[in-house]
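Content type CSV, C-alpha atoms, from the file query_14.csv:
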chain,number,residue,atom,x,y,z
O,1,MET,CA,4.7,-27.4,-21.6
O,2,GLY,CA,3.4,-25.8,-18.4
O,3,PHE,CA,1.4,-26.4,-15.3
O,4,HIS,CA,-2.3,-27.0,-16.4
O,5,TYR,CA,-5.4,-26.7,-14.3
O,6,ARG,CA,-8.3,-28.3,-16.1
O,7,PHE,CA,-11.7,-27.0,-15.1
O,8,GLY,CA,-15.1,-28.8,-15.2
O,9,PRO,CA,-18.5,-27.1,-14.9
O,10,ALA,CA,-18.5,-27.4,-11.1
O,11,ASP,CA,-15.0,-25.9,-10.8
O,12,LEU,CA,-16.1,-22.7,-12.4
O,13,LEU,CA,-18.6,-22.2,-9.6
O,14,ARG,CA,-16.2,-23.1,-6.7
O,15,CYS,CA,-13.3,-20.8,-7.2
O,16,ARG,CA,-12.6,-18.8,-4.0
O,17,PHE,CA,-10.1,-16.4,-2.4
O,18,ALA,CA,-8.3,-16.7,0.9
O,19,VAL,CA,-5.7,-14.9,2.9
O,20,SER,CA,-3.2,-17.1,4.7
O,21,PRO,CA,-0.9,-15.8,7.5
O,22,LEU,CA,0.9,-19.2,7.5
O,23,TRP,CA,1.7,-18.9,3.8
O,24,GLU,CA,3.0,-15.4,4.3
O,25,THR,CA,5.2,-16.6,7.0
O,26,GLN,CA,6.6,-19.4,4.8
O,27,GLU,CA,7.2,-17.1,1.9
O,28,ALA,CA,8.9,-14.5,4.1
O,29,VAL,CA,11.3,-17.2,5.2
O,30,ARG,CA,11.9,-18.0,1.5
O,31,VAL,CA,12.5,-14.3,0.8
O,32,LEU,CA,15.4,-14.4,3.3
O,33,LEU,CA,16.9,-17.3,1.2
O,34,ARG,CA,16.2,-16.0,-2.3
O,35,PRO,CA,17.8,-12.6,-3.2
O,36,HIS,CA,15.8,-12.3,-6.4
O,37,ARG,CA,12.6,-11.9,-4.3
O,38,GLN,CA,14.0,-9.1,-2.1
O,39,ALA,CA,13.7,-6.0,-4.2
O,40,TYR,CA,10.4,-4.8,-2.9
O,41,HIS,CA,11.1,-5.8,0.7
O,42,LEU,CA,14.4,-4.1,1.6
O,43,PRO,CA,12.8,-1.9,4.3
O,44,TRP,CA,11.3,-5.0,5.9
O,45,LEU,CA,14.6,-6.9,5.6
O,46,SER,CA,16.3,-4.1,7.4
O,47,ARG,CA,13.7,-4.1,10.2
O,48,VAL,CA,13.8,-7.9,10.8
O,49,ARG,CA,17.5,-8.5,10.3
O,50,SER,CA,18.4,-8.8,13.9
O,51,ALA,CA,15.3,-10.9,14.7
O,52,ALA,CA,16.0,-13.3,11.7
O,53,ALA,CA,19.6,-13.8,13.0
O,54,CYS,CA,18.1,-15.3,16.2
O,55,LEU,CA,16.4,-18.1,14.1
O,56,ASP,CA,18.0,-21.2,12.7
O,57,LEU,CA,16.0,-21.5,9.5
O,58,ARG,CA,18.1,-24.2,7.9
O,59,PRO,CA,15.5,-27.0,8.4
O,60,LEU,CA,12.9,-24.9,6.6
O,61,TRP,CA,15.3,-23.8,3.9
O,62,LEU,CA,16.2,-27.5,3.2
O,63,LEU,CA,12.5,-28.0,2.4
O,64,MET,CA,12.4,-25.0,-0.1
O,65,PRO,CA,14.1,-26.3,-3.2
O,66,ARG,CA,14.6,-24.0,-6.2
O,67,SER,CA,12.4,-26.4,-8.2
O,68,GLY,CA,10.5,-29.5,-7.2
O,69,HIS,CA,8.3,-30.5,-4.3
O,70,ASN,CA,7.5,-28.3,-1.3
O,71,PRO,CA,5.9,-30.2,1.6
O,72,ASP,CA,2.2,-29.7,1.6
O,73,LEU,CA,1.9,-30.5,5.2
O,74,LEU,CA,3.7,-27.3,6.1
O,75,SER,CA,1.3,-25.1,4.2
O,76,PRO,CA,-2.1,-26.6,3.9
O,77,PRO,CA,-4.6,-24.4,2.0
O,78,PRO,CA,-6.6,-22.3,4.4
O,79,ALA,CA,-10.0,-23.7,5.2
O,80,GLY,CA,-11.8,-20.4,5.0
O,81,PRO,CA,-11.4,-16.9,3.6
O,82,SER,CA,-9.9,-15.4,6.8
O,83,VAL,CA,-8.1,-17.8,9.2
O,84,THR,CA,-5.7,-17.1,12.0
O,85,PHE,CA,-2.1,-18.2,12.2
O,86,GLY,CA,-3.0,-20.4,15.2
O,87,GLU,CA,-5.7,-22.2,13.3
O,88,GLU,CA,-3.4,-22.9,10.4
O,89,LEU,CA,-0.5,-24.0,12.6
O,90,ALA,CA,-2.8,-26.5,14.4
O,91,ARG,CA,-3.3,-28.2,11.0
O,92,VAL,CA,0.4,-28.4,10.5
O,93,ARG,CA,0.9,-30.0,13.9
O,94,ALA,CA,-1.9,-32.5,13.1
O,95,ALA,CA,0.3,-33.9,10.3
O,96,ALA,CA,2.4,-35.6,13.0
O,97,GLY,CA,-0.5,-38.0,13.5
O,98,ASP,CA,0.4,-39.8,10.3
O,99,PRO,CA,4.2,-40.3,10.5
O,100,GLU,CA,4.5,-42.3,7.3
O,101,ALA,CA,2.7,-39.7,5.2
O,102,ALA,CA,4.8,-37.0,6.8
O,103,ARG,CA,8.0,-38.9,6.1
O,104,GLU,CA,7.1,-39.2,2.4
O,105,ASP,CA,6.1,-35.6,2.1
O,106,LEU,CA,9.4,-34.5,3.7
O,107,ARG,CA,11.4,-36.9,1.6
O,108,ARG,CA,10.0,-35.7,-1.7
O,109,ALA,CA,11.1,-32.2,-0.8
O,110,LEU,CA,14.6,-33.2,0.6
O,111,VAL,CA,15.5,-35.1,-2.6
O,112,CYS,CA,15.0,-31.9,-4.6
O,113,THR,CA,17.9,-30.3,-2.7
O,114,PRO,CA,21.3,-31.9,-3.4
O,115,GLY,CA,22.7,-33.5,-0.3
O,116,ALA,CA,19.7,-32.8,1.9
O,117,VAL,CA,18.6,-36.4,2.4
O,118,ASP,CA,22.1,-37.5,3.6
O,119,GLY,CA,22.8,-34.5,5.7
O,120,ASP,CA,22.4,-34.4,9.5
O,121,ILE,CA,19.2,-32.4,9.5
O,122,GLY,CA,17.6,-34.4,6.7
O,123,ARG,CA,18.4,-37.7,8.3
O,124,ARG,CA,16.9,-36.6,11.6
O,125,MET,CA,13.7,-35.5,9.9
O,126,LEU,CA,13.3,-38.8,8.1
O,127,ALA,CA,14.2,-40.9,11.2
O,128,ASP,CA,11.4,-39.3,13.3
O,129,PRO,CA,9.0,-37.5,11.1
O,130,ALA,CA,6.4,-36.9,13.8
O,131,ARG,CA,9.1,-35.1,15.9
O,132,ALA,CA,10.3,-33.3,12.8
O,133,VAL,CA,6.7,-31.9,12.1
O,134,GLY,CA,6.5,-30.6,15.7
O,135,GLU,CA,9.9,-28.9,15.5
O,136,LEU,CA,9.2,-27.4,12.1
O,137,ALA,CA,5.9,-26.1,13.4
O,138,ASP,CA,7.7,-24.6,16.4
O,139,LEU,CA,10.1,-22.9,14.0
O,140,TYR,CA,7.3,-21.5,11.9
O,141,GLU,CA,5.7,-20.1,15.1
O,142,ARG,CA,8.9,-18.3,16.0
O,143,ALA,CA,9.2,-17.0,12.5
O,144,TRP,CA,5.6,-15.7,12.6
O,145,GLU,CA,6.2,-14.0,16.0
O,146,LEU,CA,9.5,-12.3,14.9
O,147,LEU,CA,9.1,-11.6,11.2
O,148,ILE,CA,5.4,-11.3,10.4
O,149,ALA,CA,3.2,-10.7,13.4
O,150,PRO,CA,4.6,-7.1,14.1
O,151,HIS,CA,3.6,-6.2,10.4
O,152,TRP,CA,0.5,-8.3,10.0
O,153,THR,CA,-2.0,-5.5,10.1
O,154,ARG,CA,-0.2,-3.8,7.2
O,155,LEU,CA,0.2,-7.1,5.3
O,156,ARG,CA,-3.4,-8.2,5.8
O,157,ALA,CA,-4.7,-4.8,4.6
O,158,LEU,CA,-2.7,-5.2,1.4
O,159,LEU,CA,-3.9,-8.8,0.8
O,160,GLU,CA,-7.6,-8.0,1.6
O,161,ALA,CA,-7.5,-5.0,-0.7
O,162,ASP,CA,-6.2,-7.3,-3.5
O,163,VAL,CA,-9.0,-9.7,-2.9
O,164,LEU,CA,-11.5,-6.9,-3.1
O,165,PHE,CA,-10.0,-5.6,-6.4
O,166,HIS,CA,-10.0,-9.0,-8.1
O,167,SER,CA,-13.5,-9.9,-6.8
O,168,ARG,CA,-14.8,-6.8,-8.5
O,169,ARG,CA,-12.8,-7.7,-11.6
O,170,LEU,CA,-14.5,-11.1,-11.6
O,171,ALA,CA,-17.9,-9.5,-11.2
O,172,GLU,CA,-17.3,-7.1,-14.0
O,173,GLY,CA,-15.5,-9.2,-16.6
O,174,GLY,CA,-15.9,-12.9,-15.6
O,175,LEU,CA,-13.4,-15.6,-14.8
O,176,GLN,CA,-11.3,-14.9,-17.9
O,177,ALA,CA,-10.8,-11.3,-17.0
O,178,LEU,CA,-9.9,-12.3,-13.4
O,179,LEU,CA,-7.4,-15.0,-14.4
O,180,ASP,CA,-5.7,-13.1,-17.2
O,181,GLY,CA,-5.0,-10.2,-14.9
O,182,LEU,CA,-3.4,-12.1,-12.0
O,183,HIS,CA,0.1,-12.7,-13.4
O,184,PRO,CA,2.0,-12.5,-16.8
O,185,ASP,CA,2.8,-16.2,-16.7
O,186,LEU,CA,-0.9,-17.2,-16.5
O,187,ARG,CA,-3.0,-18.0,-19.6
O,188,TRP,CA,-6.7,-18.9,-19.6
O,189,HIS,CA,-7.8,-21.1,-22.5
O,190,GLY,CA,-11.5,-20.6,-22.7
O,191,GLU,CA,-12.4,-23.3,-25.2
O,192,GLU,CA,-10.4,-25.9,-23.3
O,193,GLN,CA,-11.5,-24.6,-19.9
O,194,THR,CA,-7.8,-24.7,-18.8
O,195,LEU,CA,-5.6,-22.4,-16.9
O,196,THR,CA,-1.9,-22.7,-17.7
O,197,ILE,CA,1.1,-21.5,-15.7
O,198,GLU,CA,4.0,-21.1,-18.2
O,199,ARG,CA,6.7,-23.5,-17.0
O,200,PRO,CA,9.5,-25.5,-18.7
O,201,SER,CA,8.1,-28.7,-17.2
O,202,HIS,CA,4.7,-30.3,-17.8
O,203,HIS,CA,2.0,-31.2,-15.3
O,204,ASP,CA,-1.7,-31.6,-15.5
O,205,ARG,CA,-4.2,-31.3,-12.7
O,206,GLU,CA,-7.9,-32.0,-13.0
O,207,LEU,CA,-9.7,-29.9,-10.5
O,208,GLY,CA,-12.3,-32.5,-10.0
O,209,GLY,CA,-15.1,-30.2,-8.8
O,210,GLN,CA,-13.1,-28.7,-6.0
O,211,GLY,CA,-12.6,-25.4,-7.8
O,212,LEU,CA,-9.4,-23.3,-7.5
O,213,LEU,CA,-8.2,-21.5,-4.4
O,214,LEU,CA,-6.7,-18.1,-5.2
O,215,MET,CA,-4.3,-16.6,-2.6
O,216,PRO,CA,-2.6,-13.2,-2.9
O,217,SER,CA,0.8,-13.0,-1.3
O,218,ALA,CA,3.1,-10.1,-0.5
O,219,PHE,CA,6.2,-12.3,-0.6
O,220,VAL,CA,5.8,-14.6,-3.6
O,221,TRP,CA,6.7,-11.9,-6.2
O,222,PRO,CA,8.0,-12.2,-8.9
O,223,GLU,CA,6.7,-15.7,-9.1
O,224,VAL,CA,3.3,-17.3,-9.3
O,225,VAL,CA,3.0,-20.7,-7.5
O,226,GLY,CA,0.6,-23.5,-8.3
O,227,GLY,CA,0.1,-26.9,-6.8
O,228,PHE,CA,-1.1,-28.9,-3.8
O,229,ASP,CA,-1.5,-32.6,-4.4
O,230,PRO,CA,-4.7,-34.4,-3.3
O,231,PRO,CA,-6.4,-34.3,-0.8
O,232,TRP,CA,-5.7,-30.6,-0.7
O,233,GLN,CA,-7.8,-28.2,-2.8
O,234,PRO,CA,-5.8,-27.1,-5.9
O,235,ALA,CA,-4.4,-23.6,-5.2
O,236,LEU,CA,-2.8,-20.7,-7.0
O,237,VAL,CA,-0.6,-18.2,-5.2
O,238,TYR,CA,0.0,-14.9,-7.0
O,239,PRO,CA,1.7,-11.6,-6.1
O,240,ALA,CA,-0.6,-9.1,-4.5
O,241,ARG,CA,-1.2,-5.7,-6.1
O,242,GLY,CA,0.5,-2.8,-4.5
O,243,ILE,CA,3.6,-4.4,-3.0
O,244,GLY,CA,5.7,-1.7,-4.4
O,245,ALA,CA,4.2,0.7,-1.8
O,246,LEU,CA,3.9,-1.9,1.0
O,247,TRP,CA,6.8,-0.7,3.1
O,248,THR,CA,6.9,3.0,2.0
O,249,ALA,CA,6.2,5.8,4.5
O,250,PRO,CA,2.8,7.4,4.5
O,251,ALA,CA,2.1,10.0,1.8
O,252,GLY,CA,3.0,13.6,2.4
O,253,PRO,CA,0.7,16.3,3.9
O,254,VAL,CA,-2.9,16.4,2.8
O,255,PRO,CA,-3.8,19.3,0.6
O,256,ALA,CA,-4.6,22.4,2.5
O,257,ALA,CA,-8.0,22.9,0.7
O,258,LEU,CA,-9.2,19.4,1.8
O,259,ALA,CA,-7.9,20.0,5.3
O,260,GLY,CA,-9.7,23.3,5.5
O,261,LEU,CA,-13.0,21.7,4.3
O,262,LEU,CA,-13.0,18.6,6.5
O,263,GLY,CA,-10.5,19.3,9.2
O,264,ARG,CA,-7.0,17.9,9.1
O,265,GLY,CA,-7.7,14.6,10.9
O,266,ARG,CA,-10.7,13.7,8.7
O,267,ALA,CA,-8.8,14.8,5.6
O,268,GLU,CA,-5.9,12.5,6.5
O,269,VAL,CA,-8.1,9.5,6.9
O,270,LEU,CA,-10.0,10.2,3.7
O,271,SER,CA,-6.7,10.6,1.8
O,272,ALA,CA,-5.2,7.4,3.3
O,273,LEU,CA,-8.1,5.4,1.9
O,274,HIS,CA,-6.5,4.9,-1.6
O,275,GLU,CA,-7.5,1.3,-1.1
O,276,PRO,CA,-10.1,-0.1,1.3
O,277,ALA,CA,-8.9,-0.5,4.8
O,278,SER,CA,-10.0,-1.3,8.4
O,279,THR,CA,-10.0,1.0,11.3
O,280,THR,CA,-6.9,-0.8,12.7
O,281,ALA,CA,-5.0,-0.7,9.5
O,282,LEU,CA,-5.7,3.1,9.1
O,283,ALA,CA,-4.6,3.7,12.7
O,284,GLN,CA,-1.3,2.0,12.1
O,285,ARG,CA,-0.8,3.7,8.7
O,286,LEU,CA,-1.4,7.2,10.1
O,287,GLY,CA,0.1,6.7,13.6
O,288,LEU,CA,-3.2,7.6,15.3
O,289,ALA,CA,-5.3,5.9,18.1
O,290,PRO,CA,-7.9,3.5,16.7
O,291,SER,CA,-10.6,5.4,18.7
O,292,THR,CA,-9.6,8.6,16.9
O,293,VAL,CA,-9.7,7.0,13.5
O,294,SER,CA,-13.1,5.4,14.3
O,295,ALA,CA,-14.5,8.9,15.1
O,296,HIS,CA,-13.2,10.3,11.9
O,297,LEU,CA,-14.6,7.4,9.9
O,298,LYS,CA,-18.0,7.8,11.5
O,299,ALA,CA,-18.1,11.5,10.5
O,300,LEU,CA,-16.9,10.8,7.0
O,301,ARG,CA,-19.5,8.1,6.5
O,302,ALA,CA,-22.3,10.5,7.8
O,303,ALA,CA,-21.1,13.0,5.2
O,304,GLY,CA,-21.5,10.5,2.4
O,305,LEU,CA,-17.8,10.2,1.7
O,306,LEU,CA,-17.2,6.6,2.8
O,307,LEU,CA,-19.0,3.3,2.7
O,308,PRO,CA,-18.4,0.3,5.0
O,309,PHE,CA,-18.5,-3.3,3.9
O,310,ARG,CA,-17.7,-6.5,5.7
O,311,ARG,CA,-14.9,-8.8,4.7
O,312,GLY,CA,-14.8,-11.9,6.9
O,313,HIS,CA,-14.6,-10.7,10.5
O,314,GLN,CA,-13.5,-7.2,9.5
O,315,VAL,CA,-15.3,-4.0,8.5
O,316,LEU,CA,-13.4,-2.2,5.7
O,317,TYR,CA,-14.1,1.3,4.5
O,318,GLU,CA,-13.8,2.7,1.0
O,319,ARG,CA,-14.4,6.1,-0.6
O,320,THR,CA,-17.7,6.9,-2.3
O,321,PRO,CA,-17.6,8.6,-5.7
O,322,LEU,CA,-18.0,11.9,-3.8
O,323,GLY,CA,-15.1,11.0,-1.6
O,324,ILE,CA,-13.0,10.1,-4.6
O,325,ALA,CA,-13.9,13.4,-6.3
O,326,LEU,CA,-13.0,15.4,-3.3
O,327,THR,CA,-9.5,13.9,-2.9
O,328,ALA,CA,-8.8,14.0,-6.6
O,329,GLY,CA,-10.0,17.6,-6.9
O,330,SER,CA,-8.0,18.9,-3.9
O,331,ALA,CA,-4.8,17.3,-5.3
O,332,GLY,CA,-5.1,19.1,-8.5

Take the structure in the file and write it out as structure tokens.
Amino acid sequence: MGFHYRFGPADLLRCRFAVSPLWETQEAVRVLLRPHRQAYHLPWLSRVRSAAACLDLRPLWLLMPRSGHNPDLLSPPPAGPSVTFGEELARVRAAAGDPEAAREDLRRALVCTPGAVDGDIGRRMLADPARAVGELADLYERAWELLIAPHWTRLRALLEADVLFHSRRLAEGGLQALLDGLHPDLRWHGEEQTLTIERPSHHDRELGGQGLLLMPSAFVWPEVVGGFDPPWQPALVYPARGIGALWTAPAGPVPAALAGLLGRGRAEVLSALHEPASTTALAQRLGLAPSTVSAHLKALRAAGLLLPFRRGHQVLYERTPLGIALTAGSAG
């Protein structure tokens, strides 16, 4: 039993990571519906409660059954490693151009929720699927604006840090080390070249040379989600590392010794880089102006304490071994 991804030789070379703002929006909407997903997100829920009350999310919730099909047209896998919400939403809206395919995709999800097909909302969706796609896209856009966009810098920093961590794990230990470390429900069977998600049902998917798309998510915990029917690339969505600290306040004061050595501002920036981050993410994390953070980063880099690297359109910074040693030593 389980959900099986079967790899061929070409698939092993075509696995890739991506971050999807549309997926995070979808899963945030699902968190509002599923209490078992809310444990790590109580501070966020408190912040968005009034905004969420302004949204009628029932049409989206009807398409989020506890088990069964979720419409692929509402969450197509991202085309690249770093796409914008607008780019992804445009692909959702394009699904209205094939009303029959849209109707079938929506119907498959609605039948998984008792009474949804015969309810008023479900009947309206199936009667005019092109219009339904447009209305669902509009609703996702509002959910993005109210629930996710104000927090996207923080969320993106978490997701990109996860990608960096697992990319290094892949480089150091190979595909088995990567896949075995993503989620307890995942099992890699090397001899069979098969990845299994432990499930009570059975499903096989030949990757067919497309490889596997790996997407970290802040909101999918505690689950791991697999799927996407053709023509989409097979995808696996897993909980990002570090979600337990996602909504926590910044750490306490930096050690006096480190502040005395570097100056308080630079010491705060160095201490905040417990995981790689961009200038914008650090500025939000520390409550400082981006220009101020940029100046501190430049000085820390010149001192050999940080290294920059590019991830998509962003430049992220991480501590060098000397930077790690300084922060560790000053905390002792």

Do you have, as a tab-separated table, the list of residues of region 3-94 of chain O lying at most 10 Å from region 153-174 of chain O, each with its nearest atom pair and that distance in Å to one decimal, counting all atoms listed in the file and ordered by chain then number?
residue	atom	partner	partner_atom	distance
O:Arg16	CA	O:Ser167	CA	9.4
O:Phe17	CA	O:Val163	CA	6.8
O:Ala18	CA	O:Val163	CA	8.0
O:Val19	CA	O:Leu159	CA	6.7
O:Ser20	CA	O:Arg156	CA	9.0
O:Pro21	CA	O:Arg156	CA	8.2
O:Glu24	CA	O:Leu155	CA	8.8
O:Pro81	CA	O:Glu160	CA	9.9
O:Ser82	CA	O:Glu160	CA	9.3

Item to check | Spatial neighbours of Gly2 (chain O), max dist 7 Å, only C-alpha atoms, sep filter under 2 positions, as a PyMOL selection string | outcome: chain O and resi 4+196-203

Item to check | Between CA of Arg241 (chain O) and CA of Ser294 (chain O) - distance in Å to one decimal | outcome: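 Going from CA of Ser294 (chain O) over to CA of Arg241 (chain O), I get 26.1 Å.
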
Item to check | Residue with smallest distance to His296 (chain O) - pool O:Gly265, O:Pro321, O:Gly227, O:Gly181, counting all atoms listed in the file | outcome: O:Gly265

Item to check | Residues near region 260-262 of chain O, cut-off 12 Å, all atoms listed in the file, skip fewer than 4 positions along chain, as a list in words | outcome: Val254, Pro255, Ala256, Arg266, Ala267, Glu268, Val269, Leu270, Ser271, His296, Leu297, Ala299, Leu300, Ala303, Leu305, Gly323, Leu326, Thr327 and Ser330 of chain O

Checklist entry - Can you tell me, as a list in words, what residues are no more than 8 Å from region 186-193 of chain O when counting all atoms listed in the file, ignoring any on the same chain fewer than 5 positions away? => result Arg6, Phe7, Gly8, Gln176, Leu179, Asp180 and Glu198 of chain O
